[in-house]
$ cat run17.txt   # compact mmCIF, C-alpha atoms
# COMPACT_ATOMS: atom_id res chain seq x y z
CA ILE A 1 0.00 0.00 0.00
CA PRO A 2 1.70 3.24 -1.09
CA GLY A 3 3.01 5.17 1.92
CA MET A 4 2.01 2.53 4.47
CA ARG A 5 4.52 2.36 7.32
CA THR A 6 4.95 -0.65 9.61
CA ALA A 7 8.39 0.38 10.93
CA ILE A 8 6.93 2.60 13.64
CA GLY A 9 8.10 3.20 17.18
CA ARG A 10 6.38 1.86 20.28
CA GLU A 11 4.88 5.21 21.30
CA GLU A 12 3.37 5.87 17.87
CA PHE A 13 2.13 2.28 17.67
CA LEU A 14 0.33 2.56 21.01
CA ALA A 15 -1.10 5.96 20.08
CA ILE A 16 -2.58 4.54 16.85
CA VAL A 17 -4.01 1.53 18.68
CA ASN A 18 -5.63 3.79 21.28
CA ARG A 19 -7.02 6.15 18.65
CA VAL A 20 -8.00 3.75 15.85
CA GLY A 21 -8.35 0.46 17.73
CA CYS A 22 -5.79 -1.48 15.68
CA ALA A 23 -2.38 -1.17 14.02
CA VAL A 24 0.19 -3.28 12.21
CA ILE A 25 3.82 -3.13 13.30
CA GLY A 26 6.90 -4.93 12.05
CA GLN A 27 9.15 -6.75 14.51
CA SER A 28 12.06 -4.59 15.60
CA GLY A 29 15.49 -5.80 16.64
CA ASN A 30 14.74 -4.67 20.17
CA LEU A 31 11.55 -6.68 20.67
CA CYS A 32 13.26 -10.01 21.45
CA PRO A 33 17.03 -9.55 21.00
CA ALA A 34 17.83 -13.02 22.42
CA ASP A 35 15.53 -14.78 19.93
CA LYS A 36 17.71 -13.95 16.92
CA LYS A 37 20.79 -15.38 18.65
CA LEU A 38 18.92 -18.50 19.74
CA TYR A 39 17.62 -19.06 16.21
CA ALA A 40 21.15 -18.85 14.82
CA LEU A 41 22.19 -21.49 17.36
CA ARG A 42 19.25 -23.71 16.35
CA ASP A 43 20.32 -23.45 12.72
CA VAL A 44 23.87 -24.69 13.32
CA THR A 45 22.87 -27.33 15.90
CA GLY A 46 20.12 -28.92 13.77
CA THR A 47 17.37 -28.04 16.25
CA VAL A 48 15.24 -25.76 14.05
CA GLU A 49 12.44 -28.38 14.15
CA SER A 50 12.47 -28.72 17.94
CA ILE A 51 8.90 -28.03 19.12
CA PRO A 52 9.92 -26.54 22.52
CA LEU A 53 12.34 -24.17 20.77
CA ILE A 54 9.79 -23.20 18.10
CA ALA A 55 7.23 -22.54 20.82
CA SER A 56 9.58 -20.40 22.90
CA SER A 57 10.67 -18.42 19.83
CA VAL A 58 7.09 -17.64 18.76
CA MET A 59 5.76 -16.93 22.24
CA SER A 60 8.68 -14.73 23.29
CA LYS A 61 7.59 -12.24 20.64
CA LYS A 62 3.89 -12.54 21.49
CA LEU A 63 4.53 -11.97 25.18
CA ALA A 64 6.96 -9.11 24.56
CA ALA A 65 4.35 -7.33 22.43
CA GLY A 66 2.18 -7.06 25.54
CA ALA A 67 -1.20 -8.45 24.40
CA ASP A 68 -3.60 -9.60 27.13
CA CYS A 69 -5.29 -12.09 24.75
CA ILE A 70 -3.38 -14.15 22.20
CA LEU A 71 -4.96 -16.30 19.49
CA LEU A 72 -2.55 -18.39 17.42
CA ASP A 73 -3.21 -19.72 13.91
CA VAL A 74 -1.14 -22.93 13.75
CA LYS A 75 -0.94 -24.28 10.19
CA THR A 76 -0.57 -27.89 9.13
CA GLY A 77 -0.17 -29.50 5.70
CA SER A 78 2.09 -29.32 2.66
CA GLY A 79 2.46 -25.53 2.88
CA ALA A 80 3.21 -25.47 6.61
CA PHE A 81 6.29 -26.14 8.71
CA MET A 82 4.27 -28.78 10.58
CA LYS A 83 3.25 -31.26 7.89
CA ARG A 84 1.21 -33.49 10.23
CA ALA A 85 -1.82 -32.37 12.21
CA GLU A 86 -0.61 -34.17 15.34
CA ASP A 87 2.68 -32.22 15.27
CA ALA A 88 0.78 -28.96 14.82
CA ALA A 89 -1.42 -29.88 17.80
CA ALA A 90 1.65 -30.60 19.93
CA LEU A 91 3.15 -27.23 19.00
CA ALA A 92 -0.16 -25.46 19.70
CA ARG A 93 -0.45 -27.06 23.15
CA GLU A 94 3.12 -26.02 23.99
CA MET A 95 2.52 -22.41 22.95
CA VAL A 96 -0.87 -22.15 24.66
CA GLY A 97 0.73 -23.54 27.82
CA ILE A 98 3.47 -20.91 27.73
CA GLY A 99 0.97 -18.09 27.26
CA THR A 100 -1.34 -19.37 29.97
CA ARG A 101 1.47 -19.76 32.50
CA ALA A 102 2.57 -16.20 31.67
CA GLY A 103 -0.87 -14.95 32.69
CA ARG A 104 -2.22 -14.28 29.19
CA LYS A 105 -5.52 -15.59 27.83
CA THR A 106 -4.19 -17.84 25.08
CA ALA A 107 -5.78 -20.21 22.56
CA ALA A 108 -4.93 -21.63 19.13
CA LEU A 109 -6.71 -22.85 16.03
CA ILE A 110 -5.11 -25.67 14.03
CA THR A 111 -5.88 -24.85 10.40
CA ASN A 112 -5.42 -26.51 7.03
CA MET A 113 -2.50 -25.43 4.85
CA ASP A 114 -2.64 -28.43 2.54
CA ARG A 115 -4.23 -26.26 -0.13
CA PRO A 116 -3.84 -22.55 -0.95
CA LEU A 117 -6.07 -20.26 1.11
CA GLY A 118 -8.16 -17.83 -0.90
CA ASN A 119 -7.69 -17.18 -4.61
CA ARG A 120 -4.55 -15.04 -4.70
CA ILE A 121 -0.90 -15.28 -3.70
CA GLY A 122 1.40 -12.26 -3.74
CA ASN A 123 1.80 -8.96 -1.94
CA ALA A 124 -0.52 -6.52 -3.74
CA LEU A 125 -2.76 -9.39 -4.82
CA GLU A 126 -3.35 -10.39 -1.21
CA VAL A 127 -4.06 -6.77 -0.23
CA MET A 128 -6.79 -6.78 -2.89
CA GLU A 129 -8.21 -10.02 -1.56
CA ALA A 130 -8.09 -8.76 2.04
CA VAL A 131 -10.08 -5.68 0.96
CA GLN A 132 -12.65 -7.84 -0.83
CA THR A 133 -12.95 -10.05 2.26
CA LEU A 134 -13.44 -7.07 4.58
CA ARG A 135 -16.17 -5.85 2.23
CA GLY A 136 -17.94 -9.21 2.52
CA GLN A 137 -16.96 -10.29 -1.00
CA GLY A 138 -13.97 -12.52 -0.28
CA PRO A 139 -13.43 -16.21 -1.07
CA GLU A 140 -15.46 -18.57 1.06
CA ASP A 141 -12.50 -20.34 2.69
CA LEU A 142 -10.60 -17.14 3.57
CA THR A 143 -13.77 -15.50 4.90
CA GLU A 144 -14.59 -18.53 7.05
CA LEU A 145 -11.10 -18.64 8.56
CA CYS A 146 -11.05 -14.89 9.25
CA LEU A 147 -14.47 -15.06 10.95
CA ASN A 148 -13.37 -17.96 13.15
CA LEU A 149 -10.11 -16.27 14.12
CA CYS A 150 -11.91 -13.02 14.87
CA ALA A 151 -14.59 -14.84 16.87
CA GLY A 152 -11.95 -16.73 18.82
CA LEU A 153 -10.20 -13.53 19.82
CA LEU A 154 -13.49 -11.83 20.71
CA ALA A 155 -14.39 -14.82 22.88
CA LEU A 156 -11.03 -14.62 24.67
CA SER A 157 -11.79 -10.93 25.25
CA GLY A 158 -15.06 -11.80 27.01
CA LYS A 159 -17.44 -10.72 24.24
CA GLY A 160 -19.48 -13.95 24.33
CA GLY A 161 -19.41 -17.52 23.06
CA GLN A 162 -17.82 -18.61 19.77
CA GLU A 163 -21.07 -18.61 17.76
CA GLU A 164 -22.21 -15.28 19.19
CA CYS A 165 -18.84 -13.71 18.43
CA CYS A 166 -18.79 -15.17 14.91
CA ALA A 167 -22.19 -13.55 14.24
CA LEU A 168 -20.84 -10.24 15.56
CA ALA A 169 -17.82 -10.43 13.24
CA ARG A 170 -20.00 -11.37 10.25
CA LYS A 171 -22.21 -8.34 10.95
CA GLN A 172 -19.18 -6.04 10.73
CA LEU A 173 -18.34 -7.44 7.29
CA GLY A 174 -21.89 -6.91 6.09
CA ASN A 175 -22.34 -3.35 7.36
CA GLY A 176 -19.03 -2.06 5.99
CA GLU A 177 -17.48 -1.29 9.38
CA ALA A 178 -14.61 -3.77 8.93
CA PHE A 179 -13.51 -2.16 5.66
CA ARG A 180 -13.89 1.36 7.07
CA LYS A 181 -11.67 0.40 9.99
CA LEU A 182 -8.98 -0.87 7.61
CA LYS A 183 -8.99 2.44 5.75
CA GLU A 184 -8.75 4.32 9.03
CA MET A 185 -5.76 2.24 10.13
CA VAL A 186 -3.97 2.59 6.78
CA LYS A 187 -4.39 6.38 6.85
CA ALA A 188 -3.11 6.56 10.44
CA GLN A 189 0.04 4.69 9.38
CA GLY A 190 0.74 7.01 6.45
CA GLY A 191 -0.82 4.85 3.75
CA ASP A 192 -2.80 5.98 0.71
CA GLU A 193 -6.30 4.78 1.64
CA SER A 194 -7.57 5.52 -1.89
CA ALA A 195 -5.54 2.51 -3.08
CA LEU A 196 -8.00 0.31 -1.19
CA GLU A 197 -10.81 1.65 -3.40
CA ASP A 198 -8.82 1.87 -6.64
CA PHE A 199 -6.60 -1.20 -7.06
CA SER A 200 -4.81 0.40 -10.02
CA ARG A 201 -2.93 2.45 -7.41
CA LEU A 202 -1.38 -0.75 -6.02
CA PRO A 203 1.76 -2.28 -7.62
CA GLN A 204 0.98 -4.00 -10.92
CA ALA A 205 2.82 -6.79 -12.75
CA SER A 206 3.92 -6.16 -16.33
CA PHE A 207 3.55 -9.72 -17.61
CA ARG A 208 0.99 -12.46 -17.11
CA LYS A 209 0.57 -16.02 -18.28
CA GLU A 210 -2.44 -18.28 -17.99
CA VAL A 211 -1.94 -21.94 -17.08
CA PHE A 212 -4.40 -24.23 -18.86
CA SER A 213 -5.36 -27.77 -17.95
CA SER A 214 -3.80 -30.42 -20.15
CA ARG A 215 -6.44 -32.98 -19.23
CA GLU A 216 -10.01 -33.49 -18.02
CA GLY A 217 -10.89 -34.56 -14.51
CA PHE A 218 -11.04 -33.36 -10.94
CA LEU A 219 -8.26 -31.20 -9.58
CA THR A 220 -7.47 -33.37 -6.58
CA ARG A 221 -4.51 -31.55 -5.06
CA MET A 222 -2.34 -28.44 -5.11
CA ASP A 223 0.92 -28.92 -3.25
CA THR A 224 0.93 -25.67 -1.30
CA ARG A 225 4.70 -25.64 -0.77
CA LEU A 226 5.36 -25.90 -4.52
CA VAL A 227 2.75 -23.23 -5.25
CA GLY A 228 4.59 -20.98 -2.80
CA VAL A 229 7.90 -21.76 -4.51
CA ALA A 230 6.35 -20.81 -7.87
CA ALA A 231 5.14 -17.49 -6.41
CA ALA A 232 8.65 -16.80 -5.08
CA GLN A 233 10.13 -17.62 -8.49
CA LEU A 234 7.85 -14.97 -9.99
CA GLY A 235 9.36 -12.43 -7.59
CA ALA A 236 6.67 -12.40 -4.89
CA GLY A 237 9.18 -13.69 -2.32
CA ARG A 238 12.92 -13.82 -1.69
CA GLU A 239 15.32 -16.65 -2.44
CA ARG A 240 18.10 -14.81 -0.58
CA LYS A 241 17.91 -12.22 2.19
CA GLY A 242 18.95 -9.28 0.02
CA ASP A 243 16.63 -10.03 -2.94
CA ALA A 244 14.13 -7.35 -3.96
CA VAL A 245 10.44 -8.27 -3.81
CA ASP A 246 8.18 -7.63 -6.81
CA TYR A 247 5.03 -6.42 -5.04
CA GLY A 248 2.86 -6.94 -8.13
CA ALA A 249 3.96 -10.54 -8.71
CA GLY A 250 1.99 -13.61 -7.73
CA ILE A 251 -0.67 -16.11 -8.71
CA GLU A 252 -4.42 -15.82 -9.23
CA PHE A 253 -6.37 -19.08 -9.01
CA HIS A 254 -9.32 -19.83 -11.27
CA LYS A 255 -9.67 -23.42 -10.05
CA LYS A 256 -9.05 -24.99 -6.64
CA PRO A 257 -8.83 -28.61 -5.40
CA GLY A 258 -12.21 -30.30 -5.75
CA ASP A 259 -13.14 -28.43 -8.93
CA PHE A 260 -13.85 -30.33 -12.15
CA VAL A 261 -11.75 -29.10 -15.07
CA ARG A 262 -11.92 -29.75 -18.77
CA LYS A 263 -8.95 -29.84 -21.08
CA GLY A 264 -8.07 -26.24 -21.92
CA ASP A 265 -9.72 -24.72 -18.84
CA SER A 266 -7.74 -21.94 -17.17
CA ILE A 267 -6.42 -23.06 -13.78
CA ALA A 268 -4.45 -19.96 -12.80
CA THR A 269 -2.75 -16.79 -14.01
CA LEU A 270 0.89 -16.14 -13.14
CA LEU A 271 2.01 -12.50 -12.83
CA THR A 272 5.49 -10.95 -12.76
CA SER A 273 7.45 -7.90 -13.84
CA ARG A 274 10.17 -10.05 -15.42
CA LYS A 275 9.04 -12.07 -18.43
CA GLU A 276 11.90 -14.58 -18.18
CA LEU A 277 10.58 -15.77 -14.80
CA LEU A 278 7.30 -17.04 -16.25
CA SER A 279 8.62 -20.28 -17.75
CA PRO A 280 10.37 -21.77 -14.67
CA ALA A 281 7.53 -20.66 -12.40
CA THR A 282 5.00 -22.30 -14.74
CA ASP A 283 6.92 -25.59 -14.58
CA THR A 284 6.98 -25.47 -10.79
CA PHE A 285 3.29 -24.57 -10.55
CA CYS A 286 2.26 -27.38 -12.90
CA SER A 287 4.28 -29.87 -10.83
CA ALA A 288 2.12 -28.93 -7.83
CA LEU A 289 -1.10 -30.10 -9.52
CA SER A 290 -2.68 -33.55 -9.29
CA PHE A 291 -5.74 -34.77 -11.18
CA GLY A 292 -8.09 -37.73 -10.82
CA SER A 293 -11.35 -39.19 -12.07
CA GLN A 294 -13.03 -38.79 -8.67
CA PRO A 295 -13.34 -35.69 -6.47
CA PRO A 296 -10.97 -35.60 -3.51
CA GLU A 297 -12.23 -36.19 -0.01
CA LYS A 298 -13.18 -32.84 1.51
CA GLU A 299 -10.82 -31.76 4.27
CA PRO A 300 -11.78 -29.44 7.11
CA LEU A 301 -10.50 -25.87 7.04
CA ILE A 302 -10.11 -25.88 10.84
CA TYR A 303 -9.12 -29.11 12.56
CA ALA A 304 -9.23 -28.18 16.23
CA ARG A 305 -9.20 -25.47 18.88
CA VAL A 306 -6.58 -25.64 21.63
CA THR A 307 -7.08 -23.92 24.99
CA GLY A 308 -5.62 -24.30 28.46
CA GLU A 309 -8.36 -26.86 29.10
CA GLY A 310 -7.47 -29.15 26.21
CA THR A 311 -7.82 -29.80 22.47
CA PHE A 312 -11.31 -29.70 20.98
CA PRO A 313 -12.32 -30.68 17.43
CA VAL A 314 -14.12 -28.03 15.38
CA GLU A 315 -17.33 -29.16 13.69
$ encode --input "run17.txt" --output "structure tokens"
Amino acid sequence: IPGMRTAIGREEFLAIVNRVGCAVIGQSGNLCPADKKLYALRDVTGTVESIPLIASSVMSKKLAAGADCILLDVKTGSGAFMKRAEDAAALAREMVGIGTRAGRKTAALITNMDRPLGNRIGNALEVMEAVQTLRGQGPEDLTELCLNLCAGLLALSGKGGQEECCALARKQLGNGEAFRKLKEMVKAQGGDESALEDFSRLPQASFRKEVFSSREGFLTRMDTRLVGVAAAQLGAGRERKGDAVDYGAGIEFHKKPGDFVRKGDSIATLLTSRKELLSPATDTFCSALSFGSQPPEKEPLIYARVTGEGTFPVE
């Protein structure tokens, strides 16, 4: 978002939160100075995947930020660090335990990252989709997850039960208040709020390429990790720390797992500002796709909710 600042000091951050009700801030080097050193040690000692060390790294930042209520979105699946749901649940329980023992109201949702969430991947593309979602026009899966996360945090804050809080959040999407609040926050942080109404003011990619189905059948799977790699190859992410990010690059989905496709149907559009990146990214994206004659078994978007009292499946 043009002009939007997330590198803001603590005093300004708190002032915006008190005035607007919300703000987005980037992690500073002073928030958890020990965490960076510990992560470097984990890297060289082969303990990056240690659940206790992951939990302490994540929660150190959450606790240092000062929130009274903390709701964690713990991903599982091909696009997540935790590939198995049971590992994600173990991590969630560890983090919720840390938060609870530190005197914070803490809970976690274990959510599905075995397929892309929403219909867009990429920086400006995801801003567009966030705006559409806050206007009540977003993809069904992204909207459902956002409502559940919002309801979970409202419930932790004492605003009612999960269903009551979900209805409250849905009302704010329908009456336009959620979108108005986003514009207010963006303006407070120096951003051009008109870009949220006119997407042409957001970064745009110069080149695009449609990916068509080479066969007929059900799209049974999209390997989320490979889709993410393809997006990074287009410039939407970094391969090395110093790489520049192409904010207009990314992927728009026209089909998702479970959809029936005919030969020649458009599955996705790849976008980038460097034409030579389209070919390798297309190869990677196509390798992420699986097809079959039968529709895949439907997987839940949210597997479970973890609180200090235990782990509870979500219907």
$ closest_atom_pairs --input "run17.txt" --of "range 170-237 of chain A" --to "range 14-35 of chain A" --cutoff "10 Å" --atoms "all atoms listed in the file" --output "JSON lines"
{"residue": "A:Lys181", "atom": "CA", "partner": "A:Val20", "partner_atom": "CA", "distance": 7.7}
{"residue": "A:Leu182", "atom": "CA", "partner": "A:Cys22", "partner_atom": "CA", "distance": 8.7}
{"residue": "A:Glu184", "atom": "CA", "partner": "A:Val20", "partner_atom": "CA", "distance": 6.9}
{"residue": "A:Met185", "atom": "CA", "partner": "A:Ala23", "partner_atom": "CA", "distance": 6.2}
{"residue": "A:Val186", "atom": "CA", "partner": "A:Ala23", "partner_atom": "CA", "distance": 8.3}
{"residue": "A:Ala188", "atom": "CA", "partner": "A:Ile16", "partner_atom": "CA", "distance": 6.7}
{"residue": "A:Gln189", "atom": "CA", "partner": "A:Ala23", "partner_atom": "CA", "distance": 7.9}
$ atom_distance --input "run17.txt" --atom1 "CA of Asn112 in chain A" --atom2 "CA of Arg180 in chain A"
29.1 Å
$ atom_distance --input "run17.txt" --atom1 "CA of Ile54 in chain A" --atom2 "CA of Gly235 in chain A"
27.9 Å
$ residues_around --input "run17.txt" --residues "Arg208 in chain A" --least-positions-apart "2" --cutoff "12 Å" --atoms "all atoms listed in the file" --output "ChimeraX atom specification"
/A:204-206,210-211,234,248-252,268-279,281-282
$ closest_residue --input "run17.txt" --among "A:Ser157, A:Thr284, A:Gln172, A:Thr143" --to "Ala107 in chain A" --atoms "only C-alpha atoms"
A:Ser157
$ residues_near_point --input "run17.txt" --point "(7.8, -23.3, 19.7)" --cutoff "12 Å" --atoms "all atoms listed in the file" --output "compact mmCIF listing (two decimals) with C-alpha atoms, keeping the file's coordinate frame"
# COMPACT_ATOMS: atom_id res chain seq x y z
CA ASP A 35 15.53 -14.78 19.93
CA TYR A 39 17.62 -19.06 16.21
CA ARG A 42 19.25 -23.71 16.35
CA THR A 47 17.37 -28.04 16.25
CA VAL A 48 15.24 -25.76 14.05
CA GLU A 49 12.44 -28.38 14.15
CA SER A 50 12.47 -28.72 17.94
CA ILE A 51 8.90 -28.03 19.12
CA PRO A 52 9.92 -26.54 22.52
CA LEU A 53 12.34 -24.17 20.77
CA ILE A 54 9.79 -23.20 18.10
CA ALA A 55 7.23 -22.54 20.82
CA SER A 56 9.58 -20.40 22.90
CA SER A 57 10.67 -18.42 19.83
CA VAL A 58 7.09 -17.64 18.76
CA MET A 59 5.76 -16.93 22.24
CA SER A 60 8.68 -14.73 23.29
CA LYS A 61 7.59 -12.24 20.64
CA LYS A 62 3.89 -12.54 21.49
CA LEU A 72 -2.55 -18.39 17.42
CA VAL A 74 -1.14 -22.93 13.75
CA PHE A 81 6.29 -26.14 8.71
CA MET A 82 4.27 -28.78 10.58
CA ASP A 87 2.68 -32.22 15.27
CA ALA A 88 0.78 -28.96 14.82
CA ALA A 89 -1.42 -29.88 17.80
CA ALA A 90 1.65 -30.60 19.93
CA LEU A 91 3.15 -27.23 19.00
CA ALA A 92 -0.16 -25.46 19.70
CA ARG A 93 -0.45 -27.06 23.15
CA GLU A 94 3.12 -26.02 23.99
CA MET A 95 2.52 -22.41 22.95
CA VAL A 96 -0.87 -22.15 24.66
CA GLY A 97 0.73 -23.54 27.82
CA ILE A 98 3.47 -20.91 27.73
CA GLY A 99 0.97 -18.09 27.26
$ atom_distance --input "run17.txt" --atom1 "CA of Arg240 in chain A" --atom2 "CA of Ala124 in chain A"
20.6 Å
$ closest_residue --input "run17.txt" --among "A:Glu216, A:Asp283, A:Glu144, A:Glu193" --to "Pro300 in chain A" --atoms "all atoms listed in the file"
A:Glu144
$ residues_around --input "run17.txt" --residues "Thr111 in chain A" --least-positions-apart "2" --cutoff "8 Å" --atoms "all atoms listed in the file" --output "number ranges by chain"
A: 73-76, 109, 113, 301-304
$ residues_near_point --input "run17.txt" --point "(-10.7, -32.8, -7.9)" --cutoff "7 Å" --atoms "all atoms listed in the file" --output "tab-separated table (two decimals) with C-alpha atoms, in the coordinates of the input"
chain	number	residue	atom	x	y	z
A	217	GLY	CA	-10.89	-34.56	-14.51
A	218	PHE	CA	-11.04	-33.36	-10.94
A	219	LEU	CA	-8.26	-31.20	-9.58
A	220	THR	CA	-7.47	-33.37	-6.58
A	221	ARG	CA	-4.51	-31.55	-5.06
A	257	PRO	CA	-8.83	-28.61	-5.40
A	258	GLY	CA	-12.21	-30.30	-5.75
A	259	ASP	CA	-13.14	-28.43	-8.93
A	260	PHE	CA	-13.85	-30.33	-12.15
A	291	PHE	CA	-5.74	-34.77	-11.18
A	292	GLY	CA	-8.09	-37.73	-10.82
A	294	GLN	CA	-13.03	-38.79	-8.67
A	295	PRO	CA	-13.34	-35.69	-6.47
A	296	PRO	CA	-10.97	-35.60	-3.51
